[in-house]
Amino acid sequence: MRNSLAAFFSAFLLILAGCSDAAEPDTPPEAHIPGVNTVAVIGAIHGQHRRSETYSLAVLEAVIVKFDPDVVMVELPPDRYAVAAENYAQFGEVRESRADDFPELIDVVFPLQNQMGFTVVPVAAWSRELADERRAALKQIEGDPARTDDWSAYQSAIQKYGRAVSGKSDNPDFIHSHKYDLAVRTRQESYERLFGSDLGAGGWEAINRAHFAKMASALDDLDGQEKRILILFGAWHKYWILDALDARSDIRIADSGTLFSN
């Protein structure tokens, strides 16, 4: 009887071991896949980086160094990037008004590019005219008595988002989590539903499609080169970019959250 129980227990352990092996992913998170580019998306918090201890510019810099990219796609339009890059090369600083809004670029990406040698690719689709038109349209909607209910619903979505991220809006672990993405998605999908048709090219879906068109074009140019590609964009855009990237079969998406763990 004792021998039978021992044999049964041994067989059971073998079955468990086989199941465990089967559950292991075919490709570890950082495994090399021949001919495939690896893409990580990091959400930036712009000026808040300068005020945050948990997600400071130093933390962001360490994460970029850890990922060791060959290419960094950044949130500047190509024309603005050209001015910023020329200024940095000539003066050692970035003298470009739009770039000033993104300390992750002027204080981290530009200096690191000199040290690490990665290529910077600008992939933002914004223009000053587009931003001005969007601002004017929203102001008109806010003051329109016929849109009071829409504006009230928008404010409710903002408040719900605020509660979801309260005390965590500068926590990089939270920012690179599904909970954060869900909170942003809920807020911005309400914004798009209420105002997308009013804002045209400046609407949430429209501008994200325009941003990603530039990213997709750059990814197409890099296809098959086995590059490590970092997309550094405002954190709100992160879920949208990840959704779009997931439809591509020519890349591997790295889990950016693991970059922030020690």
# chains A, B, ... in the order shown; residues from 1 in each chain; ligands from 1

call {"tool": "select_by_dssp", "arguments": {"residues": "segment 129-174 of chain A", "states": "alpha helix (DSSP H)", "output": "MDAnalysis selection string"}}
result
chainID A and resid 129:142 148:165 172:174

call {"tool": "write_last_selection", "arguments": {"atoms": "N, CA and C atoms", "output": "CSV table (one decimal), in the first residue's frame"}}
result
chain,number,residue,atom,x,y,z
A,129,GLU,N,-1.4,75.8,-34.8
A,129,GLU,CA,-2.7,76.1,-35.4
A,129,GLU,C,-3.8,75.1,-34.9
A,130,LEU,N,-3.4,73.8,-34.9
A,130,LEU,CA,-4.4,72.8,-34.4
A,130,LEU,C,-4.7,73.0,-32.9
A,131,ALA,N,-3.7,73.3,-32.1
A,131,ALA,CA,-3.9,73.5,-30.7
A,131,ALA,C,-4.8,74.7,-30.5
A,132,ASP,N,-4.6,75.8,-31.2
A,132,ASP,CA,-5.4,77.0,-31.1
A,132,ASP,C,-6.8,76.8,-31.4
A,133,GLU,N,-7.0,76.0,-32.5
A,133,GLU,CA,-8.4,75.8,-33.0
A,133,GLU,C,-9.1,74.9,-31.9
A,134,ARG,N,-8.4,73.9,-31.4
A,134,ARG,CA,-9.1,73.1,-30.4
A,134,ARG,C,-9.4,73.9,-29.1
A,135,ARG,N,-8.5,74.7,-28.7
A,135,ARG,CA,-8.8,75.6,-27.5
A,135,ARG,C,-10.0,76.5,-27.7
A,136,ALA,N,-10.1,77.1,-28.9
A,136,ALA,CA,-11.2,78.0,-29.2
A,136,ALA,C,-12.5,77.2,-29.3
A,137,ALA,N,-12.5,76.0,-29.9
A,137,ALA,CA,-13.7,75.2,-30.0
A,137,ALA,C,-14.2,74.8,-28.6
A,138,LEU,N,-13.3,74.4,-27.7
A,138,LEU,CA,-13.7,74.0,-26.4
A,138,LEU,C,-14.3,75.2,-25.6
A,139,LYS,N,-13.7,76.3,-25.8
A,139,LYS,CA,-14.2,77.5,-25.1
A,139,LYS,C,-15.6,77.9,-25.5
A,140,GLN,N,-15.8,77.7,-26.8
A,140,GLN,CA,-17.1,78.0,-27.4
A,140,GLN,C,-18.2,77.0,-26.8
A,141,ILE,N,-17.8,75.7,-26.8
A,141,ILE,CA,-18.7,74.7,-26.2
A,141,ILE,C,-19.0,75.0,-24.8
A,142,GLU,N,-18.0,75.4,-24.0
A,142,GLU,CA,-18.2,75.6,-22.6
A,142,GLU,C,-19.2,76.8,-22.3
A,148,THR,N,-24.8,72.6,-22.2
A,148,THR,CA,-24.5,72.6,-20.7
A,148,THR,C,-24.4,71.1,-20.2
A,149,ASP,N,-25.3,70.3,-20.7
A,149,ASP,CA,-25.3,68.9,-20.3
A,149,ASP,C,-24.0,68.2,-20.7
A,150,ASP,N,-23.6,68.5,-21.9
A,150,ASP,CA,-22.4,67.9,-22.4
A,150,ASP,C,-21.2,68.3,-21.6
A,151,TRP,N,-21.1,69.6,-21.3
A,151,TRP,CA,-20.0,70.1,-20.5
A,151,TRP,C,-20.0,69.6,-19.1
A,152,SER,N,-21.2,69.4,-18.5
A,152,SER,CA,-21.4,68.8,-17.2
A,152,SER,C,-20.9,67.4,-17.2
A,153,ALA,N,-21.2,66.6,-18.2
A,153,ALA,CA,-20.8,65.2,-18.3
A,153,ALA,C,-19.3,65.1,-18.4
A,154,TYR,N,-18.7,66.1,-19.2
A,154,TYR,CA,-17.2,66.1,-19.3
A,154,TYR,C,-16.6,66.4,-17.9
A,155,GLN,N,-17.1,67.3,-17.2
A,155,GLN,CA,-16.6,67.6,-15.9
A,155,GLN,C,-16.7,66.4,-14.9
A,156,SER,N,-17.8,65.7,-15.1
A,156,SER,CA,-18.0,64.5,-14.2
A,156,SER,C,-16.9,63.4,-14.6
A,157,ALA,N,-16.6,63.3,-15.9
A,157,ALA,CA,-15.5,62.4,-16.3
A,157,ALA,C,-14.2,62.8,-15.8
A,158,ILE,N,-13.9,64.1,-15.7
A,158,ILE,CA,-12.7,64.6,-15.2
A,158,ILE,C,-12.6,64.3,-13.7
A,159,GLN,N,-13.7,64.5,-13.0
A,159,GLN,CA,-13.7,64.2,-11.6
A,159,GLN,C,-13.5,62.8,-11.3
A,160,LYS,N,-14.1,61.9,-12.1
A,160,LYS,CA,-13.9,60.5,-11.9
A,160,LYS,C,-12.5,60.1,-12.1
A,161,TYR,N,-11.9,60.6,-13.1
A,161,TYR,CA,-10.5,60.4,-13.4
A,161,TYR,C,-9.6,60.8,-12.2
A,162,GLY,N,-9.9,62.0,-11.7
A,162,GLY,CA,-9.1,62.6,-10.6
A,162,GLY,C,-9.2,61.7,-9.4
A,163,ARG,N,-10.3,61.1,-9.1
A,163,ARG,CA,-10.4,60.2,-8.0
A,163,ARG,C,-9.6,58.9,-8.2
A,164,ALA,N,-9.6,58.5,-9.4
A,164,ALA,CA,-8.9,57.2,-9.8
A,164,ALA,C,-7.4,57.3,-9.7
A,165,VAL,N,-6.9,58.5,-9.9
A,165,VAL,CA,-5.4,58.7,-9.9
A,165,VAL,C,-4.9,59.5,-8.7
A,172,PRO,N,5.3,56.1,-11.2
A,172,PRO,CA,5.6,55.4,-12.4
A,172,PRO,C,5.1,54.0,-12.5
A,173,ASP,N,5.0,53.3,-11.4
A,173,ASP,CA,4.5,51.9,-11.4
A,173,ASP,C,3.0,52.0,-11.7
A,174,PHE,N,2.3,53.0,-11.1
A,174,PHE,CA,0.8,53.1,-11.4
A,174,PHE,C,0.6,53.6,-12.8

call {"tool": "residues_around", "arguments": {"residues": "Pro34 of chain A", "least_positions_apart": "2", "cutoff": "9 Å", "atoms": "only C-alpha atoms", "output": "MDAnalysis selection string"}}
result
chainID A and resid 32 36:37 224:226

call {"tool": "write_last_selection", "arguments": {"atoms": "N, CA and C atoms", "output": "CSV table (one decimal), in the first residue's frame"}}
result
chain,number,residue,atom,x,y,z
A,32,HIS,N,15.6,37.6,-27.3
A,32,HIS,CA,15.9,38.1,-28.7
A,32,HIS,C,15.2,37.3,-29.7
A,36,VAL,N,13.0,40.8,-35.5
A,36,VAL,CA,11.9,41.5,-34.9
A,36,VAL,C,12.4,42.7,-34.0
A,37,ASN,N,11.8,43.8,-34.1
A,37,ASN,CA,12.1,45.0,-33.3
A,37,ASN,C,11.4,44.9,-32.0
A,224,GLY,N,12.4,44.7,-39.4
A,224,GLY,CA,13.4,43.6,-39.6
A,224,GLY,C,14.8,44.0,-39.2
A,225,GLN,N,15.0,45.1,-38.5
A,225,GLN,CA,16.4,45.5,-38.2
A,225,GLN,C,16.8,45.2,-36.8
A,226,GLU,N,15.9,44.5,-36.0
A,226,GLU,CA,16.2,44.1,-34.7
A,226,GLU,C,16.6,45.2,-33.8

call {"tool": "atom_distance", "arguments": {"atom1": "atom CA of Ala235 of chain A", "atom2": "atom CA of Ala44 of chain A"}}
result
5.1 Å

call {"tool": "residues_around", "arguments": {"residues": "segment 76-93 of chain A", "least_positions_apart": "3", "cutoff": "12 Å", "atoms": "only C-alpha atoms", "output": "MDAnalysis selection string"}}
result
chainID A and resid 72:73 96:111 113:114 119:128 210:211 214:215 231:234

call {"tool": "write_last_selection", "arguments": {"atoms": "C-alpha atoms", "output": "CSV table (one decimal), in the first residue's frame"}}
result
chain,number,residue,atom,x,y,z
A,72,VAL,CA,13.7,57.0,-29.4
A,73,MET,CA,10.4,58.4,-30.8
A,96,GLU,CA,12.3,76.0,-28.8
A,97,SER,CA,9.0,77.0,-27.2
A,98,ARG,CA,7.1,73.8,-27.7
A,99,ALA,CA,10.1,71.7,-26.5
A,100,ASP,CA,10.2,73.7,-23.3
A,101,ASP,CA,6.9,72.0,-22.3
A,102,PHE,CA,8.7,68.7,-22.4
A,103,PRO,CA,11.6,68.5,-19.9
A,104,GLU,CA,11.9,64.8,-20.6
A,105,LEU,CA,13.3,65.9,-24.0
A,106,ILE,CA,15.4,68.9,-23.2
A,107,ASP,CA,16.8,67.6,-19.9
A,108,VAL,CA,17.0,63.8,-20.6
A,109,VAL,CA,16.7,62.7,-24.2
A,110,PHE,CA,18.9,65.3,-25.8
A,111,PRO,CA,21.8,64.9,-23.3
A,113,GLN,CA,21.5,61.0,-27.2
A,114,ASN,CA,25.1,62.4,-27.1
A,119,THR,CA,18.5,58.1,-33.1
A,120,VAL,CA,15.7,60.4,-32.2
A,121,VAL,CA,12.6,60.4,-34.4
A,122,PRO,CA,9.9,63.1,-33.9
A,123,VAL,CA,6.4,61.6,-34.3
A,124,ALA,CA,4.0,64.2,-32.9
A,125,ALA,CA,1.3,65.5,-35.3
A,126,TRP,CA,0.3,68.6,-33.3
A,127,SER,CA,0.7,72.1,-34.7
A,128,ARG,CA,0.2,75.5,-33.1
A,210,ALA,CA,-2.3,61.2,-36.7
A,211,HIS,CA,0.5,60.6,-34.1
A,214,LYS,CA,4.0,58.9,-37.9
A,215,MET,CA,5.0,56.1,-35.5
A,231,ILE,CA,8.3,55.5,-27.7
A,232,LEU,CA,8.3,58.4,-25.1
A,233,PHE,CA,5.0,60.1,-25.2
A,234,GLY,CA,2.6,61.8,-22.8

call {"tool": "atom_distance", "arguments": {"atom1": "atom CA of Lys179 of chain A", "atom2": "atom CA of Leu57 of chain A"}}
result
23.2 Å

call {"tool": "residues_around", "arguments": {"residues": "Trp240 of chain A", "least_positions_apart": "6", "cutoff": "12 Å", "atoms": "only C-alpha atoms", "output": "PyMOL selection string"}}
result
chain A and resi 41+43+181-182+184-186+188-189+204-212+233-234+246-247

call {"tool": "atom_distance", "arguments": {"atom1": "atom CA of Ser261 of chain A", "atom2": "atom CA of Trp236 of chain A"}}
result
21.2 Å

call {"tool": "closest_residue", "arguments": {"among": "A:Val65, A:Ala58, A:Val94, A:Leu242", "to": "Arg228 of chain A", "atoms": "only C-alpha atoms"}}
result
A:Val65

call {"tool": "residues_around", "arguments": {"residues": "Glu53 of chain A", "least_positions_apart": "6", "cutoff": "10 Å", "atoms": "only C-alpha atoms", "output": "number ranges by chain"}}
result
A: 59, 170-171

call {"tool": "select_by_dssp", "arguments": {"residues": "segment 21-251 of chain A", "states": "strand (DSSP E or B)", "output": "list in words"}}
result
Asn37, Thr38, Val39, Ala40, Val41, Ile42, Gly43, Ala44, Val71, Val72, Met73, Val74, Thr119, Val120, Val121, Pro122, Arg228, Ile229, Leu230, Ile231, Leu232, Phe233, Gly234 and Ile251 of chain A

call {"tool": "closest_residue", "arguments": {"among": "A:Gly35, A:Gly203, A:Gly167, A:Pro69", "to": "Gly117 of chain A", "atoms": "only C-alpha atoms"}}
result
A:Pro69

call {"tool": "decode", "arguments": {"residues": "segment 44-93 of chain A", "atoms": "C-alpha atoms", "output": "compact mmCIF listing (two decimals), in the first residue's frame"}}
result
# COMPACT_ATOMS: atom_id res chain seq x y z
CA ALA A 44 5.88 60.92 -19.60
CA ILE A 45 4.34 63.44 -17.19
CA HIS A 46 5.99 66.50 -18.73
CA GLY A 47 6.46 69.38 -16.26
CA GLN A 48 5.48 67.16 -13.35
CA HIS A 49 8.78 65.31 -13.76
CA ARG A 50 10.51 68.40 -12.33
CA ARG A 51 8.31 68.37 -9.21
CA SER A 52 8.11 64.64 -8.55
CA GLU A 53 10.52 62.58 -6.47
CA THR A 54 8.99 59.22 -7.44
CA TYR A 55 9.03 59.98 -11.18
CA SER A 56 11.75 62.59 -11.46
CA LEU A 57 13.81 63.28 -14.55
CA ALA A 58 16.58 61.23 -12.91
CA VAL A 59 14.22 58.25 -12.63
CA LEU A 60 13.22 58.63 -16.26
CA GLU A 61 16.86 58.88 -17.33
CA ALA A 62 17.74 55.68 -15.46
CA VAL A 63 14.87 53.83 -17.15
CA ILE A 64 15.96 54.93 -20.61
CA VAL A 65 19.52 53.85 -19.88
CA LYS A 66 18.20 50.52 -18.62
CA PHE A 67 16.19 49.91 -21.80
CA ASP A 68 19.22 50.93 -23.91
CA PRO A 69 17.31 52.03 -27.04
CA ASP A 70 18.62 52.27 -30.58
CA VAL A 71 15.77 54.63 -31.48
CA VAL A 72 13.69 57.02 -29.36
CA MET A 73 10.43 58.36 -30.79
CA VAL A 74 9.47 61.66 -29.15
CA GLU A 75 6.48 63.94 -28.78
CA LEU A 76 7.60 66.81 -30.99
CA PRO A 77 6.47 67.62 -34.52
CA PRO A 78 9.28 67.18 -37.05
CA ASP A 79 9.61 70.92 -37.74
CA ARG A 80 9.85 71.78 -34.04
CA TYR A 81 12.31 68.96 -33.47
CA ALA A 82 14.56 70.24 -36.24
CA VAL A 83 14.78 73.65 -34.52
CA ALA A 84 15.31 72.11 -31.09
CA ALA A 85 18.03 69.73 -32.31
CA GLU A 86 19.87 72.51 -34.14
CA ASN A 87 19.77 74.71 -31.05
CA TYR A 88 21.04 71.93 -28.82
CA ALA A 89 23.90 71.15 -31.20
CA GLN A 90 24.89 74.81 -31.43
CA PHE A 91 24.24 76.12 -27.92
CA GLY A 92 24.05 73.02 -25.72
CA GLU A 93 20.45 73.85 -24.83
